[in-house]
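So this block is target-v5.cif, mmCIF, C-alpha atoms:
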data_structure
#
loop_
_atom_site.label_atom_id
_atom_site.label_comp_id
_atom_site.auth_asym_id
_atom_site.auth_seq_id
_atom_site.Cartn_x
_atom_site.Cartn_y
_atom_site.Cartn_z
CA MET A 1 0.00 0.00 0.00
CA ASP A 2 1.38 3.36 -0.98
CA ALA A 3 1.45 6.06 1.69
CA SER A 4 -1.20 8.25 0.06
CA GLY A 5 -3.61 5.34 0.07
CA TYR A 6 -3.50 5.21 3.83
CA GLU A 7 -3.71 8.94 4.29
CA PHE A 8 -6.78 9.61 2.25
CA ILE A 9 -8.56 6.73 3.87
CA ALA A 10 -7.72 7.85 7.37
CA GLY A 11 -8.14 11.55 6.58
CA THR A 12 -11.59 11.60 5.04
CA VAL A 13 -14.44 10.62 7.27
CA SER A 14 -17.83 10.64 5.66
CA ARG A 15 -20.97 10.38 7.76
CA THR A 16 -22.30 7.33 5.98
CA PHE A 17 -19.27 5.16 6.43
CA ASP A 18 -17.98 6.12 9.87
CA HIS A 19 -17.87 2.59 11.21
CA THR A 20 -16.51 1.33 7.92
CA ARG A 21 -13.70 3.86 8.00
CA ILE A 22 -12.62 2.92 11.46
CA GLU A 23 -12.50 -0.81 10.75
CA MET A 24 -10.76 -0.06 7.51
CA ALA A 25 -8.13 2.12 9.06
CA MET A 26 -7.44 -0.73 11.45
CA THR A 27 -7.09 -3.16 8.59
CA MET A 28 -4.88 -0.73 6.73
CA ARG A 29 -2.51 -0.15 9.57
CA ALA A 30 -1.27 -3.68 9.28
CA ASP A 31 -1.05 -3.43 5.52
CA THR A 32 2.51 -3.66 4.35
CA GLY A 33 1.70 -3.53 0.67
CA ALA A 34 0.88 -7.17 0.34
CA LEU A 35 -2.42 -8.94 0.39
CA SER A 36 -2.23 -12.70 0.73
CA ALA A 37 -4.27 -14.80 -1.67
CA GLU A 38 -6.19 -16.22 1.29
CA GLU A 39 -6.95 -12.80 2.71
CA ALA A 40 -8.12 -11.52 -0.67
CA LYS A 41 -10.45 -14.52 -0.96
CA ARG A 42 -11.85 -13.89 2.50
CA LEU A 43 -12.46 -10.20 1.75
CA LEU A 44 -14.14 -10.94 -1.55
CA ALA A 45 -16.38 -13.55 0.10
CA ALA A 46 -17.36 -10.91 2.68
CA VAL A 47 -18.26 -8.55 -0.17
CA ALA A 48 -20.29 -11.25 -1.94
CA GLU A 49 -22.15 -12.56 1.10
CA GLY A 50 -22.44 -9.57 3.42
CA ARG A 51 -22.00 -6.63 1.00
CA ASP A 52 -19.19 -5.74 3.40
CA ARG A 53 -18.04 -2.21 2.59
CA ALA A 54 -14.93 -2.29 4.75
CA ALA A 55 -13.77 -5.47 3.05
CA PHE A 56 -14.41 -3.85 -0.31
CA ALA A 57 -12.48 -0.73 0.66
CA THR A 58 -9.50 -2.88 1.61
CA LEU A 59 -9.65 -4.66 -1.75
CA PHE A 60 -9.91 -1.26 -3.42
CA GLY A 61 -6.89 -0.01 -1.50
CA PHE A 62 -4.82 -2.88 -2.81
CA TYR A 63 -6.13 -3.43 -6.32
CA ALA A 64 -7.17 0.02 -7.61
CA PRO A 65 -3.62 1.50 -7.57
CA ARG A 66 -2.33 -1.67 -9.22
CA LEU A 67 -5.02 -1.65 -11.89
CA LYS A 68 -4.20 2.00 -12.52
CA ALA A 69 -0.49 1.17 -12.85
CA PHE A 70 -1.29 -1.76 -15.15
CA MET A 71 -3.39 0.45 -17.44
CA MET A 72 -0.76 3.18 -17.46
CA ARG A 73 1.81 0.61 -18.53
CA SER A 74 -0.59 -0.32 -21.32
CA GLY A 75 -0.29 3.20 -22.67
CA MET A 76 -3.45 4.65 -21.14
CA ALA A 77 -3.52 8.29 -20.02
CA VAL A 78 -3.46 8.77 -16.23
CA SER A 79 -7.11 9.81 -16.05
CA THR A 80 -8.27 6.95 -18.28
CA ALA A 81 -6.20 4.48 -16.27
CA GLU A 82 -7.82 5.71 -13.06
CA ASP A 83 -11.25 5.54 -14.67
CA ILE A 84 -10.70 1.95 -15.73
CA ALA A 85 -9.51 1.08 -12.22
CA GLN A 86 -12.74 2.58 -10.82
CA GLU A 87 -14.91 0.84 -13.40
CA THR A 88 -13.19 -2.48 -12.71
CA MET A 89 -13.65 -2.15 -8.96
CA LEU A 90 -17.35 -1.31 -9.44
CA LEU A 91 -17.67 -4.59 -11.35
CA VAL A 92 -15.77 -6.38 -8.57
CA TRP A 93 -18.46 -5.14 -6.17
CA LYS A 94 -21.29 -6.09 -8.51
CA LYS A 95 -20.02 -9.47 -9.58
CA ALA A 96 -18.46 -10.59 -6.30
CA SER A 97 -20.98 -13.42 -6.01
CA TYR A 98 -19.81 -14.82 -9.36
CA PHE A 99 -16.26 -15.21 -8.15
CA ASP A 100 -15.44 -18.87 -7.88
CA PRO A 101 -12.26 -19.64 -5.92
CA ALA A 102 -12.19 -23.04 -7.56
CA ARG A 103 -11.52 -21.42 -10.93
CA ALA A 104 -8.97 -18.73 -10.22
CA GLY A 105 -7.37 -16.59 -7.54
CA VAL A 106 -8.75 -13.13 -6.72
CA SER A 107 -5.92 -11.30 -8.51
CA THR A 108 -6.45 -13.37 -11.63
CA TRP A 109 -10.19 -12.75 -11.54
CA ILE A 110 -9.71 -8.99 -11.09
CA PHE A 111 -7.10 -8.99 -13.86
CA THR A 112 -9.64 -10.54 -16.27
CA ILE A 113 -12.32 -7.98 -15.31
CA GLY A 114 -9.86 -5.12 -15.83
CA ARG A 115 -8.79 -6.63 -19.15
CA ASN A 116 -12.43 -6.76 -20.31
CA VAL A 117 -13.11 -3.19 -19.17
CA ARG A 118 -10.06 -2.09 -21.13
CA ILE A 119 -11.15 -3.97 -24.28
CA ASP A 120 -14.58 -2.40 -23.91
CA ARG A 121 -13.09 1.06 -23.51
CA LEU A 122 -10.86 0.73 -26.57
CA ARG A 123 -13.77 -0.61 -28.59
CA ARG A 124 -16.02 2.30 -27.58
CA GLU A 125 -13.31 4.77 -28.50
CA SER A 126 -12.88 3.30 -31.95
CA ARG A 127 -16.57 2.60 -32.59
CA PRO A 128 -18.74 4.97 -30.58
CA ALA A 129 -21.95 3.61 -32.09
CA ALA A 130 -21.41 0.03 -30.96
CA VAL A 131 -23.85 -1.66 -28.59
CA VAL A 132 -23.29 -0.76 -24.95
CA ASN A 133 -23.71 -3.33 -22.18
CA ALA A 134 -23.48 -6.19 -24.59
CA PHE A 135 -23.75 -9.60 -23.05
CA ASP A 136 -20.41 -11.01 -22.05
CA PRO A 137 -20.41 -14.77 -21.55
CA SER A 138 -17.44 -14.48 -19.21
CA ASP A 139 -19.70 -12.64 -16.75
CA GLU A 140 -21.80 -15.69 -16.15
CA PRO A 141 -20.84 -18.50 -13.85
CA ASP A 142 -19.92 -21.64 -15.74
CA SER A 143 -20.69 -25.18 -14.82
CA PRO A 144 -20.00 -26.16 -11.22
CA VAL A 145 -16.44 -27.06 -10.36
CA SER A 146 -15.38 -30.23 -8.61
CA GLY A 147 -13.38 -30.29 -5.39
CA GLU A 148 -10.40 -31.43 -7.40
CA ALA A 149 -10.58 -28.30 -9.55
CA ALA A 150 -10.64 -26.15 -6.42
CA VAL A 151 -7.26 -27.49 -5.44
CA MET A 152 -6.06 -27.05 -8.99
CA ALA A 153 -6.72 -23.27 -9.06
CA ALA A 154 -4.49 -22.64 -6.07
CA GLU A 155 -1.88 -25.06 -7.38
CA ARG A 156 -1.96 -23.42 -10.78
CA ASP A 157 -1.27 -20.02 -9.20
CA GLU A 158 1.70 -21.51 -7.37
CA ARG A 159 3.01 -23.25 -10.48
CA VAL A 160 2.69 -20.09 -12.57
CA ARG A 161 4.48 -18.07 -9.90
CA SER A 162 7.34 -20.59 -9.77
CA ALA A 163 7.51 -20.91 -13.54
CA VAL A 164 7.76 -17.16 -14.13
CA ALA A 165 10.46 -16.99 -11.45
CA LEU A 166 12.40 -19.66 -13.35
CA LEU A 167 12.41 -17.70 -16.61
CA SER A 168 15.48 -15.64 -17.43
CA PRO A 169 15.01 -11.94 -16.56
CA GLU A 170 14.89 -11.18 -20.28
CA GLN A 171 12.18 -13.78 -20.88
CA ALA A 172 10.16 -12.68 -17.86
CA ASP A 173 10.36 -9.11 -19.17
CA ILE A 174 9.11 -9.94 -22.62
CA LEU A 175 6.27 -11.95 -21.11
CA ARG A 176 5.37 -9.07 -18.80
CA LEU A 177 5.43 -6.64 -21.71
CA SER A 178 3.13 -8.94 -23.66
CA PHE A 179 0.42 -8.19 -21.12
CA PHE A 180 0.67 -4.45 -21.63
CA GLY A 181 -0.38 -2.62 -24.71
CA ASP A 182 -2.94 -3.04 -27.43
CA LYS A 183 -0.53 -4.21 -30.12
CA PRO A 184 2.00 -5.60 -27.73
CA GLN A 185 4.60 -6.91 -30.14
CA SER A 186 5.10 -3.79 -32.23
CA GLU A 187 5.04 -1.67 -29.07
CA ILE A 188 7.54 -3.92 -27.37
CA ALA A 189 9.76 -3.66 -30.43
CA SER A 190 9.85 0.13 -30.28
CA GLN A 191 10.20 0.10 -26.49
CA LEU A 192 13.18 -2.26 -26.52
CA ARG A 193 14.48 -0.80 -29.81
CA ILE A 194 14.70 -4.21 -31.43
CA PRO A 195 13.15 -5.43 -34.69
CA LEU A 196 9.62 -6.85 -34.61
CA GLY A 197 10.89 -10.23 -35.82
CA THR A 198 13.21 -10.43 -32.83
CA VAL A 199 10.32 -9.69 -30.46
CA LYS A 200 8.25 -12.40 -32.10
CA SER A 201 10.96 -15.02 -31.73
CA ARG A 202 11.69 -13.92 -28.14
CA VAL A 203 8.02 -14.21 -27.20
CA ARG A 204 7.86 -17.62 -28.85
CA LEU A 205 10.96 -18.75 -26.97
CA ALA A 206 9.71 -17.39 -23.64
CA LEU A 207 6.38 -19.15 -24.16
CA SER A 208 7.87 -22.49 -25.09
CA ARG A 209 10.15 -22.30 -22.07
CA LEU A 210 7.16 -21.40 -19.89
CA ARG A 211 5.24 -24.33 -21.34
CA LEU A 212 8.13 -26.69 -20.62
CA ILE A 213 8.45 -25.50 -17.04
CA LEU A 214 4.70 -25.60 -16.40
CA ASP A 215 4.30 -29.08 -17.84
CA ASP A 216 7.30 -30.19 -15.84
CA LEU A 217 5.88 -28.78 -12.60
CA LYS A 218 2.68 -30.80 -12.94
CA MET B 1 -9.99 -35.93 -30.48
CA ILE B 2 -8.76 -32.41 -31.08
CA ASN B 3 -5.59 -32.27 -33.17
CA HIS B 4 -5.23 -28.63 -34.12
CA HIS B 5 -4.96 -25.94 -31.45
CA PRO B 6 -4.29 -22.20 -31.38
CA SER B 7 -0.61 -21.36 -30.89
CA ASP B 8 0.66 -20.30 -27.45
CA GLU B 9 1.11 -16.79 -28.85
CA THR B 10 -2.56 -16.67 -29.81
CA LEU B 11 -3.65 -18.02 -26.42
CA LEU B 12 -1.45 -15.41 -24.73
CA ARG B 13 -3.07 -12.68 -26.79
CA GLN B 14 -6.49 -14.06 -25.92
CA ALA B 15 -5.62 -14.02 -22.21
CA SER B 16 -3.98 -10.61 -22.25
CA GLY B 17 -6.83 -9.07 -24.24
CA SER B 18 -4.91 -7.99 -27.33
CA LEU B 19 -6.56 -10.31 -29.82
CA GLU B 20 -9.12 -8.58 -32.04
CA ALA B 21 -12.82 -9.11 -31.28
CA GLY B 22 -13.45 -11.46 -34.23
CA PRO B 23 -10.62 -13.92 -33.58
CA ARG B 24 -11.44 -13.68 -29.85
CA ILE B 25 -14.82 -15.30 -30.47
CA VAL B 26 -13.39 -18.08 -32.63
CA VAL B 27 -10.63 -18.84 -30.11
CA ALA B 28 -13.24 -18.72 -27.30
CA VAL B 29 -15.28 -21.34 -29.18
CA HIS B 30 -12.19 -23.54 -29.37
CA ILE B 31 -11.37 -23.08 -25.68
CA GLY B 32 -14.98 -23.95 -24.78
CA GLY B 33 -14.45 -27.39 -26.29
CA CYS B 34 -10.77 -27.98 -25.51
CA PRO B 35 -9.75 -28.62 -21.88
CA ALA B 36 -6.03 -28.41 -22.76
CA CYS B 37 -6.34 -24.90 -24.19
CA ALA B 38 -8.72 -23.86 -21.40
CA GLU B 39 -5.99 -24.82 -18.92
CA ARG B 40 -3.37 -22.91 -20.93
CA ILE B 41 -5.62 -19.81 -20.91
CA ALA B 42 -6.12 -20.22 -17.16
CA GLN B 43 -2.32 -20.31 -16.77
CA PHE B 44 -1.86 -17.17 -18.84
CA GLU B 45 -4.64 -15.39 -16.95
CA ALA B 46 -2.97 -16.43 -13.71
CA THR B 47 0.22 -14.89 -15.11
CA GLY B 48 -1.74 -11.66 -15.67
CA GLY B 49 -2.97 -11.89 -12.07
CA LEU B 50 0.59 -12.39 -10.88
CA PHE B 51 1.80 -9.33 -12.82
CA LEU B 52 -1.09 -7.30 -11.39
CA ASP B 53 -0.03 -8.38 -7.89
CA GLU B 54 3.60 -7.49 -8.51
CA ILE B 55 3.27 -4.19 -10.35
CA GLU B 56 4.50 -1.03 -8.64
CA PRO B 57 1.20 0.65 -7.63
CA GLN B 58 0.22 4.12 -8.84
CA ALA B 59 -1.57 6.16 -6.17
CA MET B 60 -5.21 6.85 -6.97
CA SER B 61 -6.38 10.45 -6.62
CA ASP B 62 -7.33 11.62 -3.13
CA ASP B 63 -11.07 11.28 -3.50
CA ALA B 64 -10.99 8.00 -5.45
CA LEU B 65 -12.25 5.81 -2.60
CA ASP B 66 -15.02 8.26 -1.71
CA ARG B 67 -16.17 8.38 -5.29
CA GLN B 68 -16.05 4.60 -5.50
CA MET B 69 -18.06 4.14 -2.30
CA ALA B 70 -20.63 6.68 -3.54
CA ARG B 71 -20.81 4.82 -6.83
CA ILE B 72 -21.54 1.45 -5.30
CA GLU B 73 -24.40 3.09 -3.35
CA VAL B 74 -25.94 4.34 -6.59
CA ASP B 75 -24.95 1.68 -9.12
CA GLY B 76 -23.83 -1.23 -6.99
CA GLU B 77 -27.00 -3.31 -7.14
CA ARG B 78 -28.22 -2.28 -10.57
CA ARG B 79 -28.43 -5.26 -12.87
CA GLU B 80 -27.35 -4.60 -16.38
CA GLU B 81 -29.87 -5.39 -19.04
CA HIS B 82 -28.13 -7.45 -21.64
CA SER B 83 -29.56 -7.19 -25.06
CA ARG B 84 -29.70 -10.62 -26.63
CA PRO B 85 -29.02 -10.13 -30.32
CA THR B 86 -31.16 -11.66 -33.03
CA ARG B 87 -30.18 -15.15 -34.07
CA ALA B 88 -31.49 -16.96 -37.09
CA ASP B 89 -32.08 -20.68 -36.77
CA ILE B 90 -29.25 -22.09 -38.82
CA GLY B 91 -29.86 -25.73 -38.06
CA ILE B 92 -27.09 -26.48 -35.56
CA ARG B 93 -26.63 -25.81 -31.88
CA LEU B 94 -24.08 -23.03 -31.53
CA PRO B 95 -21.41 -23.21 -28.82
CA ALA B 96 -21.89 -21.25 -25.58
CA ALA B 97 -19.00 -18.92 -26.43
CA MET B 98 -21.22 -17.47 -29.17
CA ASP B 99 -24.09 -16.68 -26.77
CA GLY B 100 -23.69 -12.93 -27.15
CA CYS B 101 -23.32 -13.00 -30.91
CA GLY B 102 -25.95 -12.20 -33.46
CA VAL B 103 -26.30 -14.74 -36.26
CA GLY B 104 -27.82 -14.02 -39.64
CA PRO B 105 -29.65 -16.48 -41.91
CA TRP B 106 -27.74 -18.69 -44.34
CA ARG B 107 -27.18 -16.97 -47.64
CA TRP B 108 -26.21 -18.68 -50.84
CA ILE B 109 -22.92 -17.40 -52.18
CA GLY B 110 -22.10 -20.05 -54.71
CA PRO B 111 -22.79 -23.69 -55.56
CA GLY B 112 -22.64 -25.67 -52.33
CA VAL B 113 -21.48 -22.71 -50.24
CA ARG B 114 -23.59 -20.77 -47.75
CA TRP B 115 -22.57 -17.95 -45.52
CA SER B 116 -23.99 -16.38 -42.37
CA ARG B 117 -22.89 -13.11 -40.84
CA VAL B 118 -21.92 -13.24 -37.16
CA THR B 119 -22.02 -10.00 -35.20
CA VAL B 120 -19.81 -9.70 -32.16
CA PRO B 121 -21.00 -7.68 -29.15
CA GLN B 122 -17.54 -6.22 -28.49
CA ASP B 123 -17.05 -4.99 -32.01
CA ALA B 124 -19.81 -4.32 -34.51
CA GLY B 125 -17.32 -4.22 -37.35
CA ALA B 126 -15.56 -7.53 -36.69
CA ASN B 127 -15.25 -9.87 -39.65
CA VAL B 128 -16.75 -13.11 -38.36
CA MET B 129 -18.81 -15.56 -40.35
CA LEU B 130 -20.22 -19.02 -40.38
CA LEU B 131 -19.60 -21.02 -43.51
CA LYS B 132 -21.50 -24.09 -44.60
CA VAL B 133 -19.89 -25.97 -47.41
CA ALA B 134 -21.36 -29.07 -49.03
CA ALA B 135 -19.53 -32.42 -49.10
CA GLY B 136 -16.64 -32.49 -51.52
CA ARG B 137 -16.73 -28.74 -52.19
CA ARG B 138 -13.88 -26.28 -51.84
CA MET B 139 -13.88 -23.40 -49.41
CA PRO B 140 -13.92 -19.98 -51.13
CA GLU B 141 -10.41 -19.12 -52.26
CA HIS B 142 -8.90 -16.11 -50.58
CA THR B 143 -5.80 -14.41 -49.29
CA HIS B 144 -5.61 -12.21 -46.23
CA SER B 145 -3.31 -9.65 -44.69
CA GLY B 146 -3.36 -11.04 -41.13
CA TYR B 147 -4.10 -14.34 -39.45
CA GLU B 148 -7.22 -16.29 -40.22
CA TYR B 149 -8.85 -18.42 -37.54
CA THR B 150 -11.22 -21.20 -38.51
CA GLN B 151 -12.90 -23.49 -36.02
CA VAL B 152 -14.74 -26.54 -37.31
CA LEU B 153 -18.18 -27.01 -35.74
CA LYS B 154 -19.45 -29.89 -37.85
CA GLY B 155 -18.04 -32.20 -40.50
CA SER B 156 -14.44 -31.98 -41.59
CA LEU B 157 -12.17 -30.50 -44.20
CA TYR B 158 -8.59 -30.94 -45.27
CA ASP B 159 -5.78 -29.22 -47.08
CA ALA B 160 -2.08 -29.87 -47.62
CA ARG B 161 -1.40 -29.31 -43.90
CA GLY B 162 -3.84 -31.85 -42.55
CA ARG B 163 -7.39 -32.79 -41.72
CA TYR B 164 -9.58 -30.62 -39.52
CA GLY B 165 -12.58 -32.07 -37.69
CA PRO B 166 -15.04 -30.78 -35.07
CA GLY B 167 -13.17 -28.91 -32.31
CA ASP B 168 -10.09 -28.27 -34.43
CA LEU B 169 -8.87 -24.74 -34.94
CA ASP B 170 -6.86 -23.76 -37.97
CA GLU B 171 -4.62 -20.76 -37.68
CA ALA B 172 -3.38 -19.64 -41.07
CA ASP B 173 -1.06 -16.71 -41.56
CA ASP B 174 -0.86 -14.50 -44.61
CA GLU B 175 1.68 -16.77 -46.24
CA VAL B 176 -0.77 -19.63 -46.48
CA GLN B 177 -2.77 -19.42 -49.65
CA HIS B 178 -5.12 -22.20 -48.99
CA GLN B 179 -8.37 -23.55 -50.23
CA PRO B 180 -9.39 -26.45 -48.02
CA VAL B 181 -11.72 -29.12 -49.36
CA VAL B 182 -14.67 -30.56 -47.42
CA ASP B 183 -14.79 -34.32 -46.89
CA GLU B 184 -16.99 -36.39 -49.14
CA SER B 185 -18.81 -37.80 -46.11
CA GLY B 186 -20.89 -34.72 -45.36
CA GLU B 187 -21.26 -30.95 -45.19
CA CYS B 188 -18.92 -28.87 -43.06
CA ILE B 189 -19.89 -25.91 -40.89
CA CYS B 190 -17.22 -23.68 -39.40
CA ILE B 191 -16.83 -20.31 -37.78
CA ALA B 192 -14.09 -18.11 -39.20
CA ALA B 193 -12.61 -14.74 -38.34
CA LEU B 194 -9.86 -12.66 -39.79
CA GLU B 195 -7.36 -10.18 -38.62
CA GLY B 196 -6.79 -7.46 -41.09
CA GLN B 197 -8.55 -7.24 -44.41
CA MET B 198 -9.53 -10.28 -46.39
CA ARG B 199 -9.27 -10.39 -50.15
CA LEU B 200 -11.32 -13.09 -51.71
CA ARG B 201 -10.43 -14.33 -55.11
CA GLY B 202 -12.19 -16.16 -57.84
CA PHE B 203 -15.89 -16.49 -58.48
CA PHE B 204 -17.06 -16.97 -54.87
CA GLY B 205 -14.77 -14.23 -53.81
CA ARG B 206 -16.34 -11.66 -56.05
CA LEU B 207 -19.71 -12.69 -54.66
CA ILE B 208 -18.78 -12.60 -51.00
CA GLN B 209 -16.47 -9.58 -51.01
CA PRO B 210 -19.26 -6.95 -51.15
CA LEU B 211 -20.95 -8.68 -48.19
CA LEU B 212 -17.81 -8.16 -46.14
CA GLY B 213 -17.65 -4.52 -47.09
CA GLY B 214 -14.14 -4.98 -48.47
#
If you took the structure in this file and wrote it as structure tokens, what would it be?
Amino acid sequence: MDASGYEFIAGTVSRTFDHTRIEMAMTMRADTGALSAEEAKRLLAAVAEGRDRAAFATLFGFYAPRLKAFMMRSGMAVSTAEDIAQETMLLVWKKASYFDPARAGVSTWIFTIGRNVRIDRLRRESRPAAVVNAFDPSDEPDSPVSGEAAVMAAERDERVRSAVALLSPEQADILRLSFFGDKPQSEIASQLRIPLGTVKSRVRLALSRLRLILDDLK
Amino acid sequence: MINHHPSDETLLRQASGSLEAGPRIVVAVHIGGCPACAERIAQFEATGGLFLDEIEPQAMSDDALDRQMARIEVDGERREEHSRPTRADIGIRLPAAMDGCGVGPWRWIGPGVRWSRVTVPQDAGANVMLLKVAAGRRMPEHTHSGYEYTQVLKGSLYDARGRYGPGDLDEADDEVQHQPVVDESGECICIAALEGQMRLRGFFGRLIQPLLGG
């Protein structure tokens, strides 16, 4: 948690959320900038089941500044990046009951919502007349997940974390860059000042190494 | 048995959100029927989640939380009305990944070849279509400037690179100038999308090109 995050939370007391603010400030005090996967799951469950505003504010404190950073890295203007972070967190509130810990971790789920908000934003910018609020199948819960799958989601997160850590710094970088930007490869090329063909082969290499490691970790 | 899958690069682009709206739908149809690719997508999305976790945060503006809390009071419980687009009955059950898509009626575009326009909610201008080609017929000949994604829904077709049956996805780049042939055993229905502009050639091409607005 960045310092300003704590300050504005502690500094502004609105009449409606007095109790929320106090609980939140208590939660925040212990916040060292990390939110464990388990804690995130617990908070999101509290939002889904109890419409718990303090839990939501804690999730906001952690994820909104990261979503904003992610969008800025993707080439979005500061104000647009902040807007997308807000929009994404509104959807986190609305769709909390759809979150299924058996499918993915909280960070992964929030990443996919932010990704969809960003796609939607880019689409609206390029085609203002397009249908708004179109049905998105990814919003709907899929078929129920078995107990085995529930274990798999947490294991997958662990495997992915280990696999990315095992990549060379150069490969991890190119993979990271692939997540930012609308036309990632040409943007990466200009960012790293290397030819597009080189980016393509580096991405391919990074991905085949990632595949090898992930399959090996099974 | 699925033999042809999207490349890891394509799955990464699907997961990171940089694939165009048209190909996104076709790849989503494939993922819906392919547990191996669904797992790969889940891994790439988890990678996105990991990068989100690890990124150096950018402070939100001072009143961001207040505005957010006010917004959930106003908008938080409002259910969005999803408009279900019009879908013609085209004789087969369409995969769940196409639930949001509009589907037009089959239109004749040449002997043994019918075409249906698919509209994608995320992008009204996306080039996506269903093709129904009779047994033993060739697919319309064409070249394209970007990748072409074709997912077989029913029947099978083949070209020099192999045979494609239900659940298979063919990813062809601009260097492939292909004209797959449908098996003699029955008609083939597939969903196809293109990146970039398509240029159709030959007789069918001249017929279909105006429909694509190219």
Show me which bits of chain B are within 6 Å of chain A, counting all atoms listed in the file, as a list in words. Ser16, Gly17, Ser18, Glu45, Ala46, Gly49, Pro57, Gln58, Ala59, Met60, Asp62, Gly76, His82, Gly100, Pro121 and Ala124 of chain B
Using 8 Å of padding on each side, determine the axis-aligned box around all atoms of segment 119-130 of chain B present in the file and give its centre and edge lengths in Å to one decimal, as AutoDock Vina command-line options.
--center_x -18.6 --center_y -11.6 --center_z -34.4 --size_x 22.8 --size_y 30.8 --size_z 27.9
Around the point (-22.4, -23.0, -26.8), in the coordinates given by the file, pick out the residues reaching within 12 Å, counting all atoms listed in the file, and return them as a PDB file with C-alpha atoms, in the coordinates of the input.
ATOM      1  CA  PRO A 137     -20.410 -14.770 -21.550  1.00  0.00           C
ATOM      2  CA  ASP A 142     -19.920 -21.640 -15.740  1.00  0.00           C
TER       3      ASP A 142
ATOM      4  CA  ILE B  25     -14.820 -15.300 -30.470  1.00  0.00           C
ATOM      5  CA  VAL B  26     -13.390 -18.080 -32.630  1.00  0.00           C
ATOM      6  CA  ALA B  28     -13.240 -18.720 -27.300  1.00  0.00           C
ATOM      7  CA  VAL B  29     -15.280 -21.340 -29.180  1.00  0.00           C
ATOM      8  CA  HIS B  30     -12.190 -23.540 -29.370  1.00  0.00           C
ATOM      9  CA  ILE B  31     -11.370 -23.080 -25.680  1.00  0.00           C
ATOM     10  CA  GLY B  32     -14.980 -23.950 -24.780  1.00  0.00           C
ATOM     11  CA  GLY B  33     -14.450 -27.390 -26.290  1.00  0.00           C
ATOM     12  CA  ILE B  92     -27.090 -26.480 -35.560  1.00  0.00           C
ATOM     13  CA  ARG B  93     -26.630 -25.810 -31.880  1.00  0.00           C
ATOM     14  CA  LEU B  94     -24.080 -23.030 -31.530  1.00  0.00           C
ATOM     15  CA  PRO B  95     -21.410 -23.210 -28.820  1.00  0.00           C
ATOM     16  CA  ALA B  96     -21.890 -21.250 -25.580  1.00  0.00           C
ATOM     17  CA  ALA B  97     -19.000 -18.920 -26.430  1.00  0.00           C
ATOM     18  CA  MET B  98     -21.220 -17.470 -29.170  1.00  0.00           C
ATOM     19  CA  ASP B  99     -24.090 -16.680 -26.770  1.00  0.00           C
ATOM     20  CA  GLY B 100     -23.690 -12.930 -27.150  1.00  0.00           C
ATOM     21  CA  CYS B 101     -23.320 -13.000 -30.910  1.00  0.00           C
ATOM     22  CA  LEU B 153     -18.180 -27.010 -35.740  1.00  0.00           C
TER      23      LEU B 153
END
Would you mind telling me which residue in A:Ala55, A:Val47, A:Ser74, A:Leu205 lies nearest to Ser97 of chain A when using only C-alpha atoms? A:Val47
Leaving out Thr10 of chain B and any residue of its chain fewer than 5 positions from it, which residues lie within 9 Å of it when counting all atoms listed in the file, given as a ChimeraX atom specification? /B:15,19,27
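By chain and then residue number, the residues within 7 Å of Ala193 of chain B are Gly22, Pro23, Val26, Asn127, Val128, Met129, Glu148, Tyr149 and Thr150 of chain B, counting only C-alpha atoms and disregarding those fewer than 5 positions away in sequence.
Counting from atom CA of Leu131 of chain B, the distance to atom CA of Glu195 of chain B is 17.1 Å.
For the atom pair formed by atom CA of Glu170 of chain A and atom CA of Thr198 of chain A, the distance is 12.7 Å, given to one decimal.
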Tell me, as a PyMOL selection string, which residues lie within 12 Å of Cys34 of chain B, counting all atoms listed in the file; anything in the same chain fewer than 6 positions away does not count. chain B and resi 1-6+27-28+40-41+151+166-169
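Our summary of the geometry notes that atom CA of Ile188 of chain A is positioned 24.2 Å from atom CA of Ser162 of chain A.
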Looking at only C-alpha atoms, which of B:Ile72, B:Leu12, B:Ala160, B:Cys190 is the one that sits closest to Phe44 of chain B? B:Leu12
